[in-house]
Structure formats: C-alpha cells, structure tokens
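Q: Here you go, this is upload.txt (compact mmCIF, C-alpha atoms).
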```txt
# COMPACT_ATOMS: atom_id res chain seq x y z
CA MET A 22 11.98 9.95 5.82
CA VAL A 23 15.04 9.08 7.83
CA ALA A 24 13.84 5.49 7.88
CA THR A 25 14.60 5.05 4.18
CA LEU A 26 18.27 5.57 4.92
CA PHE A 27 18.35 2.59 7.20
CA ARG A 28 16.35 0.12 5.13
CA THR A 29 19.28 -1.70 3.63
CA PRO A 30 19.75 -5.38 2.91
CA ALA A 31 20.48 -6.27 6.49
CA SER A 32 23.21 -8.59 7.61
CA LEU A 33 22.15 -11.73 9.42
CA PHE A 34 23.62 -10.69 12.74
CA ALA A 35 22.06 -7.25 12.69
CA ASP A 36 18.71 -8.92 12.02
CA LEU A 37 19.14 -11.38 14.87
CA ASP A 38 20.09 -8.55 17.16
CA ARG A 39 17.01 -6.61 16.12
CA ILE A 40 14.74 -9.64 16.60
CA GLN A 41 16.15 -10.17 20.07
CA ARG A 42 15.56 -6.55 20.97
CA GLU A 43 12.01 -6.69 19.64
CA MET A 44 11.28 -9.82 21.64
CA GLU A 45 12.65 -8.30 24.79
CA ARG A 46 10.50 -5.25 24.27
CA SER A 47 7.35 -7.20 23.52
CA PHE A 48 7.78 -9.12 26.79
CA GLY A 49 8.14 -5.86 28.61
CA LEU A 50 11.76 -6.48 29.48
CA PRO A 51 14.13 -3.57 29.41
CA THR A 52 16.41 -3.33 26.42
CA SER A 53 19.94 -4.53 26.87
CA ILE A 54 21.93 -2.55 29.38
CA ARG A 55 24.80 -2.55 26.93
CA ALA A 56 25.17 0.17 24.37
CA ALA A 57 24.73 -0.34 20.65
CA GLY A 58 27.21 -2.62 18.89
CA GLY A 59 30.95 -2.61 19.01
CA ALA A 60 31.07 -0.96 15.61
CA ALA A 61 33.95 1.22 14.53
CA PHE A 62 33.90 4.92 15.31
CA PRO A 63 32.35 6.78 13.67
CA ALA A 64 29.44 4.65 12.45
CA ILE A 65 28.90 5.27 8.77
CA ASN A 66 25.82 5.13 6.55
CA ILE A 67 26.03 5.54 2.81
CA GLY A 68 23.29 6.39 0.37
CA SER A 69 23.19 7.09 -3.31
CA THR A 70 21.16 9.41 -5.51
CA ALA A 71 21.25 9.83 -9.28
CA ASP A 72 23.76 12.67 -9.08
CA ALA A 73 25.75 12.06 -5.88
CA VAL A 74 26.97 9.63 -3.25
CA GLU A 75 26.06 10.69 0.29
CA VAL A 76 28.15 9.56 3.25
CA TYR A 77 26.97 10.13 6.81
CA ALA A 78 29.45 9.66 9.64
CA PHE A 79 27.94 9.67 13.13
CA ALA A 80 30.76 11.36 15.00
CA PRO A 81 29.47 13.40 17.91
CA GLY A 82 31.52 15.90 19.88
CA LEU A 83 34.20 16.61 17.30
CA ASP A 84 35.97 19.83 16.52
CA ALA A 85 35.08 20.17 12.83
CA SER A 86 38.25 22.16 12.09
CA LYS A 87 40.40 19.19 13.12
CA LEU A 88 38.54 16.77 10.92
CA ASP A 89 40.35 15.72 7.78
CA VAL A 90 38.27 14.62 4.78
CA THR A 91 40.12 13.59 1.61
CA VAL A 92 39.16 11.94 -1.66
CA ASP A 93 41.99 10.24 -3.46
CA ASN A 94 41.90 7.43 -6.04
CA ASN A 95 38.18 6.97 -5.39
CA LEU A 96 38.84 6.45 -1.70
CA LEU A 97 37.17 8.73 0.80
CA THR A 98 39.21 9.00 3.99
CA LEU A 99 37.95 10.47 7.25
CA VAL A 100 40.66 11.14 9.80
CA GLY A 101 40.16 12.84 13.12
CA GLU A 102 40.56 12.68 16.83
CA ARG A 103 38.15 12.85 19.71
CA LYS A 104 39.75 13.70 23.00
CA LEU A 105 37.43 13.30 25.94
CA ALA A 106 37.94 15.28 29.11
CA ALA A 107 39.58 13.17 31.80
CA PRO A 108 37.27 12.33 34.71
CA PRO A 109 37.77 14.59 37.73
CA LYS A 110 40.20 13.44 40.36
CA GLY A 111 38.63 11.45 43.13
CA GLY A 112 35.52 10.72 41.07
CA SER A 113 34.27 7.19 40.54
CA VAL A 114 33.72 6.11 36.96
CA TYR A 115 30.62 3.93 36.48
CA ALA A 116 30.59 3.70 32.70
CA GLU A 117 33.21 4.44 30.11
CA GLU A 118 31.80 3.40 26.76
CA ARG A 119 32.37 6.42 24.57
CA PHE A 120 35.11 6.45 21.98
CA ASP A 121 38.28 8.31 22.95
CA GLY A 122 41.27 8.71 20.67
CA SER A 123 42.04 9.09 17.00
CA PHE A 124 40.17 7.39 14.20
CA ARG A 125 40.56 6.76 10.52
CA ARG A 126 37.92 5.34 8.22
CA VAL A 127 38.31 4.70 4.53
CA ILE A 128 35.42 4.23 2.13
CA SER A 129 35.70 2.97 -1.41
CA LEU A 130 33.61 5.10 -3.78
CA PRO A 131 32.00 4.13 -7.08
CA ASP A 132 33.98 4.79 -10.27
CA ASP A 133 31.80 7.59 -11.55
CA VAL A 134 32.35 10.12 -8.76
CA ASP A 135 34.01 13.46 -9.35
CA PRO A 136 36.75 14.10 -6.74
CA ALA A 137 36.63 17.81 -7.56
CA GLN A 138 33.06 18.14 -6.31
CA VAL A 139 33.01 17.16 -2.65
CA GLN A 140 31.05 18.97 0.02
CA ALA A 141 31.36 18.23 3.73
CA ARG A 142 29.13 19.56 6.48
CA TYR A 143 29.13 18.90 10.20
CA SER A 144 25.99 19.45 12.25
CA ASP A 145 24.48 17.87 15.37
CA GLY A 146 27.41 15.48 15.53
CA VAL A 147 26.89 14.10 12.04
CA LEU A 148 29.41 14.64 9.27
CA ARG A 149 27.75 14.58 5.89
CA VAL A 150 29.95 14.25 2.82
CA ARG A 151 28.40 14.63 -0.60
CA ILE A 152 30.48 13.45 -3.54
CA ALA A 153 28.94 14.40 -6.88
CA ARG A 154 28.87 11.94 -9.75
CA LYS A 155 30.44 12.94 -13.05
CA ALA A 156 27.82 14.60 -15.20
CA ALA A 157 28.88 12.79 -18.37
CA LEU A 158 28.20 9.41 -16.80
CA GLN A 159 24.74 10.18 -15.51
CA PRO A 160 21.92 8.41 -17.28
CA ARG A 161 20.52 10.54 -20.04
CA ARG A 162 17.19 10.38 -21.74
CA ILE A 163 17.61 10.30 -25.47
CA ALA A 164 14.99 12.07 -27.50
CA ILE A 165 13.53 10.12 -30.37
CA ASN A 166 12.94 12.10 -33.52
CA MET B 10 -10.72 8.80 -0.69
CA SER B 11 -9.96 9.87 2.83
CA THR B 12 -10.57 6.36 4.21
CA GLU B 13 -8.10 5.04 1.69
CA VAL B 14 -5.45 7.39 2.99
CA VAL B 15 -6.17 6.42 6.58
CA GLN B 16 -5.94 2.74 5.70
CA ARG B 17 -2.66 3.17 3.95
CA GLU B 18 -1.26 4.98 6.93
CA THR B 19 -2.31 2.27 9.35
CA GLN B 20 -0.76 -0.37 7.13
CA HIS B 21 2.50 1.47 7.30
CA VAL B 22 2.63 1.49 11.07
CA PRO B 23 4.35 -1.89 11.62
CA THR B 24 7.26 -1.02 9.34
CA ALA B 25 7.56 2.46 10.78
CA ALA B 26 7.48 1.07 14.31
CA ARG B 27 10.23 -1.38 13.48
CA GLN B 28 12.41 1.26 11.92
CA ALA B 29 11.93 3.34 15.02
CA GLN B 30 13.35 0.61 17.28
CA PRO B 31 15.79 2.76 19.16
CA VAL B 32 19.41 1.86 19.79
CA SER B 33 21.24 2.56 23.04
CA PRO B 34 23.62 5.49 22.99
CA ARG B 35 27.08 4.98 24.45
CA VAL B 36 27.55 6.76 27.75
CA ASP B 37 30.19 7.80 30.25
CA ILE B 38 29.07 8.18 33.84
CA VAL B 39 31.22 9.74 36.55
CA GLU B 40 30.34 10.47 40.14
CA ASP B 41 32.02 13.16 42.20
CA ALA B 42 31.32 14.58 45.63
CA ASP B 43 28.43 16.77 44.47
CA GLY B 44 26.66 14.63 41.93
CA ILE B 45 26.76 12.58 38.79
CA THR B 46 27.77 13.61 35.30
CA LEU B 47 26.51 11.60 32.37
CA PHE B 48 27.69 12.05 28.79
CA ALA B 49 25.76 10.33 26.02
CA ASP B 50 26.68 10.16 22.33
CA MET B 51 23.50 10.91 20.41
CA PRO B 52 24.60 12.10 16.97
CA GLY B 53 21.95 13.44 14.63
CA VAL B 54 19.64 14.63 17.37
CA PRO B 55 18.73 18.32 17.30
CA ARG B 56 17.83 20.02 20.57
CA ASP B 57 14.08 19.94 19.97
CA ALA B 58 14.08 16.18 19.31
CA LEU B 59 15.77 15.30 22.60
CA HIS B 60 13.68 14.15 25.55
CA VAL B 61 15.12 13.72 29.01
CA GLN B 62 12.50 12.33 31.33
CA VAL B 63 12.48 11.29 34.97
CA GLU B 64 9.68 9.05 36.16
CA GLY B 65 9.98 7.81 39.70
CA ASP B 66 13.60 6.70 39.93
CA THR B 67 13.97 6.02 36.20
CA LEU B 68 15.81 8.42 33.96
CA THR B 69 15.09 7.99 30.25
CA LEU B 70 17.04 9.63 27.47
CA ARG B 71 15.43 9.62 24.06
CA GLY B 72 16.38 11.41 20.89
CA ASP B 73 15.09 11.16 17.34
CA ILE B 74 17.67 11.33 14.61
CA ALA B 75 16.65 14.11 12.26
CA ILE B 76 18.83 14.26 9.17
CA ALA B 77 17.78 16.00 5.99
CA LEU B 78 18.05 13.36 3.29
CA PRO B 79 18.07 14.19 -0.40
CA PRO B 80 14.92 12.94 -2.16
CA GLY B 81 15.15 9.64 -3.99
CA MET B 82 18.16 8.34 -2.10
CA ASP B 83 18.86 4.61 -2.15
CA PRO B 84 20.59 3.19 0.91
CA TYR B 85 23.89 1.46 0.08
CA TYR B 86 25.25 0.57 3.45
CA ALA B 87 24.28 1.27 7.04
CA GLU B 88 26.05 0.74 10.35
CA LEU B 89 23.49 2.75 12.24
CA ARG B 90 20.19 1.00 11.66
CA SER B 91 17.77 3.04 13.64
CA SER B 92 16.32 6.50 13.62
CA ALA B 93 16.25 7.01 17.38
CA TRP B 94 18.42 6.70 20.47
CA GLU B 95 16.96 5.55 23.75
CA ARG B 96 18.34 4.39 27.06
CA SER B 97 17.06 4.21 30.61
CA PHE B 98 18.88 4.35 33.92
CA THR B 99 17.81 3.77 37.49
CA LEU B 100 18.74 6.67 39.70
CA SER B 101 19.79 6.45 43.29
CA ARG B 102 17.52 8.13 45.83
CA GLU B 103 20.45 10.26 46.85
CA LEU B 104 20.16 12.22 43.63
CA ASP B 105 18.11 15.37 43.35
CA THR B 106 16.07 14.73 40.20
CA SER B 107 14.45 18.15 40.35
CA ALA B 108 17.74 19.86 39.62
CA ILE B 109 18.95 18.04 36.51
CA ALA B 110 20.80 20.24 34.05
CA ALA B 111 21.16 19.09 30.44
CA THR B 112 23.08 20.52 27.52
CA LEU B 113 23.34 19.13 24.01
CA LYS B 114 26.19 20.10 21.74
CA ASP B 115 27.29 18.46 18.49
CA GLY B 116 25.35 15.32 19.33
CA VAL B 117 26.78 14.91 22.83
CA LEU B 118 24.37 15.15 25.74
CA ASP B 119 25.89 16.38 28.98
CA LEU B 120 23.66 15.68 31.95
CA ARG B 121 24.42 16.84 35.45
CA ILE B 122 22.44 15.40 38.33
CA PRO B 123 23.33 16.88 41.72
CA LYS B 124 23.12 14.91 44.93
CA ALA B 125 20.44 15.80 47.42
CA GLU B 126 21.72 18.00 50.24
CA HIS B 127 21.53 15.21 52.81
CA ALA B 128 23.64 12.89 50.66
CA LYS B 129 26.56 15.21 50.14
CA PRO B 130 29.69 14.49 52.10
CA ARG B 131 29.90 16.71 55.12
CA LYS B 132 32.92 17.79 56.98
CA VAL B 133 32.48 17.59 60.70
CA ASP B 134 34.54 19.91 62.77
CA VAL B 135 35.96 18.24 65.79
CA GLN B 136 36.27 20.61 68.67
CA LEU B 137 38.90 20.11 71.23
CA THR B 138 37.84 20.79 74.72
```
Once more with this new file: its structure as structure tokens, please.

A:
Amino acid sequence: MVATLFRTPASLFADLDRIQREMERSFGLPTSIRAAGGAAFPAINIGSTADAVEVYAFAPGLDASKLDVTVDNNLLTLVGERKLAAPPKGGSVYAEERFDGSFRRVISLPDDVDPAQVQARYSDGVLRVRIARKAALQPRRIAIN
Amino acid sequence: MSTEVVQRETQHVPTAARQAQPVSPRVDIVEDADGITLFADMPGVPRDALHVQVEGDTLTLRGDIAIALPPGMDPYYAELRSSAWERSFTLSRELDTSAIAATLKDGVLDLRIPKAEHAKPRKVDVQLT
C-alpha cells in the first residue's frame, strides 16, 4: 500500500540511481556506503485524493510543538528546527550525516484547496498535512432525469 | 479461481520487490571511552517494523515505512522513493554485540554498543616504592 505513494513519474537521475543500486545488489555487492541523496530536509512526498491534498514530510526527531505549519496564498510552509545533541567531549565522531539546524520548506498547492481545512499530525517522525479541497469544486455526478 | 489469485500475486512480485529497494538512512556515529553511539534517521518506521540484527561482525538496521495512506491516492511528487530503510555496518571486535541497547523515538533510532571489557581504557596505578 505504501508503494503506491512512491510510484511517481520518476526523474532520470533517480532512475539511474535506482538502476545502479539494483545492479550492485544483483552482483552481491553491498549498497553504497553513503546515505540516501543530498535532498533537502525534510524529504517531502505529496499525494492527492478526490477531496484532499496529502503532504508527508519525513522529519524525524522533531519537537512537534516547535513545528510551524502555515497555509497562505496557496503556499504551504513548514518551518522548524532540529537541534542535535553535541557529541560528548573527548569522543571521536565517525559519521555526521544527519541534518542539524533550522529548515524551511514551501510547497505550492493546487488552486482548489481550502486553507480553512488543514490538519497536521506528527507520528513516527513523519509530519502528515492534509489540506482539504473546496467542496464546491469537487467533481459532481449529475443525475439525468 | 485460487490458482488465478496465486498467479496474479507472483506476477506482482517484481514490481513489489523493486519498490521495496531500501534506501540508506543517514547516521551519526560517535565513539567514547565506553562504547559507540549510533543515531539513524528512519522516519515512518514504527517500533514493530524495525529490525536490528547482528550477524558475525555485521550490524544491519532495517525498517519498513508504515504510513496509513488514504484509499485512492495518486502520487504527485516524491523525494523519498522507497518504502524501507536499510544499512549495514561492520563492527569492530572490541565491541560487545551481546549488549546492544536500541531505542526508537519519533523515527530516530538510538543504538548503544558498549565496548567489551578488555577493550575499555584502563587506568593503571603506578606505585612508588
């Protein structure tokens, strides 16, 4: 079921990256030692249903109360900060890949959304924002007499 | 009827397998005097879908992304193009793999691997005679 969310018209580079990973795996080589892409934080997936636009932001380890979600002029803005604990003194750092600092992501929404009906939920490190579409603009079946 | 269902399921396997190609989570790894702490960003993974496995000297982290999606949703745009996280690490023999402690909170895995007793730094008292 989750898979349907990710089956989008893929960009060329994402496809090449996937092909490379599949080849490495089929030859029994380990997958790249590097972490997934240098994408912005948080990574965002967007889906659409007949009555809402669903935005998923993959933002682990956040304090949900400090997360700012606004809808203005059909722009959805996610603003927040992730402050990681500093490594202990005298420790050696072997990898430092996780995002640290403040972020801001802006998403342009379709014209038919209703800014008054926005729900946001944070669970398991994923922020899900549901923006309802305006009822009047939803497709209607017209009865034939 | 039942064979039809079975066939359809087998036909679906290649696509499903491709969608399940895991991506590597980003990690922070810090060593201190007593052991190693590893943090991994694995958003969307509930506790029961997380697997931390040690086989020989290989540590594997795997988590399936479980998000409740509304029925009939069309994907518009995706930066995360997988439904699972997976990454493997080779552990030093100095680490005590039997005493790994893992916690998962808000999609962040916190793994603590202590050093074996013999590998911890020891303070030697020098006695003056």

Q: Enter the distance from atom CA of Ile40 of chain A to atom CA of Ile65 of chain A, in Å, rounded to one decimal.

A: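 Pair atom CA of Ile40 of chain A / atom CA of Ile65 of chain A returns 22.0 Å.
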
Q: Could the residues of chain B within 6 Å of chain A, counting only C-alpha atoms, be given as a list of chain:residue names, please?

A: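 Putting it all together, I get B:Val32, B:Ser33, B:Pro34, B:Arg35, B:Val36, B:Asp37, B:Ile38, B:Val39, B:Glu40, B:Asp41, B:Pro52, B:Gly53, B:Met82, B:Asp83, B:Pro84, B:Tyr85, B:Tyr86, B:Ala87, B:Glu88, B:Arg90, B:Asp115, B:Gly116, B:Val117.
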
Q: For the point (33.3, 4.5, -2.6) in file coordinates, what residues are within 8 Å, counting all atoms listed in the file? Give the answer as a list of chain:residue names?

A: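 Residues lying no farther than 8 Å from the given point: A:Asn95, A:Leu96, A:Leu97, A:Ile128, A:Ser129, A:Leu130, A:Pro131, A:Asp132.
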
Q: Counting all atoms listed in the file, find residues at most 12 Å from (19.0, 12.4, 42.6) (file frame) and give them as a PyMOL selection string.

A: chain B and resi 40+43-46+63-68+98-110+121-129

Q: Go through B:Pro31, B:Leu113, B:Leu89, B:Ala42 and flag the residue nearest Asp57 of chain B, using all atoms listed in the file for the distances.

A: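 Closest candidate: B:Leu113.
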
Q: I'd like the interatomic distance between atom CA of Leu59 of chain B and atom CA of Arg103 of chain A, to a tenth of an Å.

A: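 Atom CA of Arg103 of chain A lies at a distance of 22.7 Å from atom CA of Leu59 of chain B.
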
Q: Pick out the closest residue to Asp93 of chain A from this set: A:Phe124, A:Leu37, A:Ile152, A:Ala106. Count only C-alpha atoms.

A: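 The answer is A:Ile152, which sits nearest to Asp93 of chain A.
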
Q: What does the distance from atom CA of Gln30 of chain B to atom CA of Trp94 of chain B come to in Å, to one decimal?

A: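 For atom CA of Gln30 of chain B relative to atom CA of Trp94 of chain B, the distance reads 8.5 Å.
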
Q: Within 9 Å of Asp89 of chain A, counting all atoms listed in the file, which residues qualify if same-chain residues fewer than 4 places away don't, as an NGL selection string?

A: :A and (85 or 98-101)

Q: Generate the missing atoms of segment 147-163 of chain A up to N, CA and C atoms and report them as a CSV table (one decimal), keeping the file's coordinate frame.

A:
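The file below, selection_24.csv, is the result:
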```csv
chain,number,residue,atom,x,y,z
A,147,VAL,N,26.9,15.0,13.2
A,147,VAL,CA,26.9,14.1,12.0
A,147,VAL,C,27.7,14.8,10.9
A,148,LEU,N,28.7,14.1,10.4
A,148,LEU,CA,29.4,14.6,9.3
A,148,LEU,C,28.8,14.1,8.0
A,149,ARG,N,28.4,15.0,7.1
A,149,ARG,CA,27.8,14.6,5.9
A,149,ARG,C,28.7,15.0,4.7
A,150,VAL,N,29.1,14.0,4.0
A,150,VAL,CA,30.0,14.2,2.8
A,150,VAL,C,29.2,13.9,1.6
A,151,ARG,N,29.1,14.9,0.7
A,151,ARG,CA,28.4,14.6,-0.6
A,151,ARG,C,29.4,14.6,-1.7
A,152,ILE,N,29.5,13.5,-2.4
A,152,ILE,CA,30.5,13.4,-3.5
A,152,ILE,C,29.7,13.4,-4.8
A,153,ALA,N,29.8,14.4,-5.7
A,153,ALA,CA,28.9,14.4,-6.9
A,153,ALA,C,29.4,13.4,-7.9
A,154,ARG,N,28.5,12.8,-8.7
A,154,ARG,CA,28.9,11.9,-9.8
A,154,ARG,C,29.2,12.8,-11.0
A,155,LYS,N,30.1,12.2,-11.8
A,155,LYS,CA,30.4,12.9,-13.0
A,155,LYS,C,29.2,13.1,-14.0
A,156,ALA,N,29.0,14.3,-14.4
A,156,ALA,CA,27.8,14.6,-15.2
A,156,ALA,C,27.7,13.7,-16.5
A,157,ALA,N,28.9,13.5,-17.1
A,157,ALA,CA,28.9,12.8,-18.4
A,157,ALA,C,28.4,11.4,-18.2
A,158,LEU,N,28.5,10.8,-17.0
A,158,LEU,CA,28.2,9.4,-16.8
A,158,LEU,C,26.8,9.2,-16.3
A,159,GLN,N,26.1,10.3,-16.0
A,159,GLN,CA,24.7,10.2,-15.5
A,159,GLN,C,23.8,9.7,-16.6
A,160,PRO,N,22.8,8.9,-16.2
A,160,PRO,CA,21.9,8.4,-17.3
A,160,PRO,C,21.2,9.6,-18.0
A,161,ARG,N,21.2,9.5,-19.3
A,161,ARG,CA,20.5,10.5,-20.0
A,161,ARG,C,19.4,10.0,-20.8
A,162,ARG,N,18.3,10.8,-20.9
A,162,ARG,CA,17.2,10.4,-21.7
A,162,ARG,C,17.5,10.8,-23.2
A,163,ILE,N,17.3,9.9,-24.1
A,163,ILE,CA,17.6,10.3,-25.5
A,163,ILE,C,16.3,10.5,-26.2
```
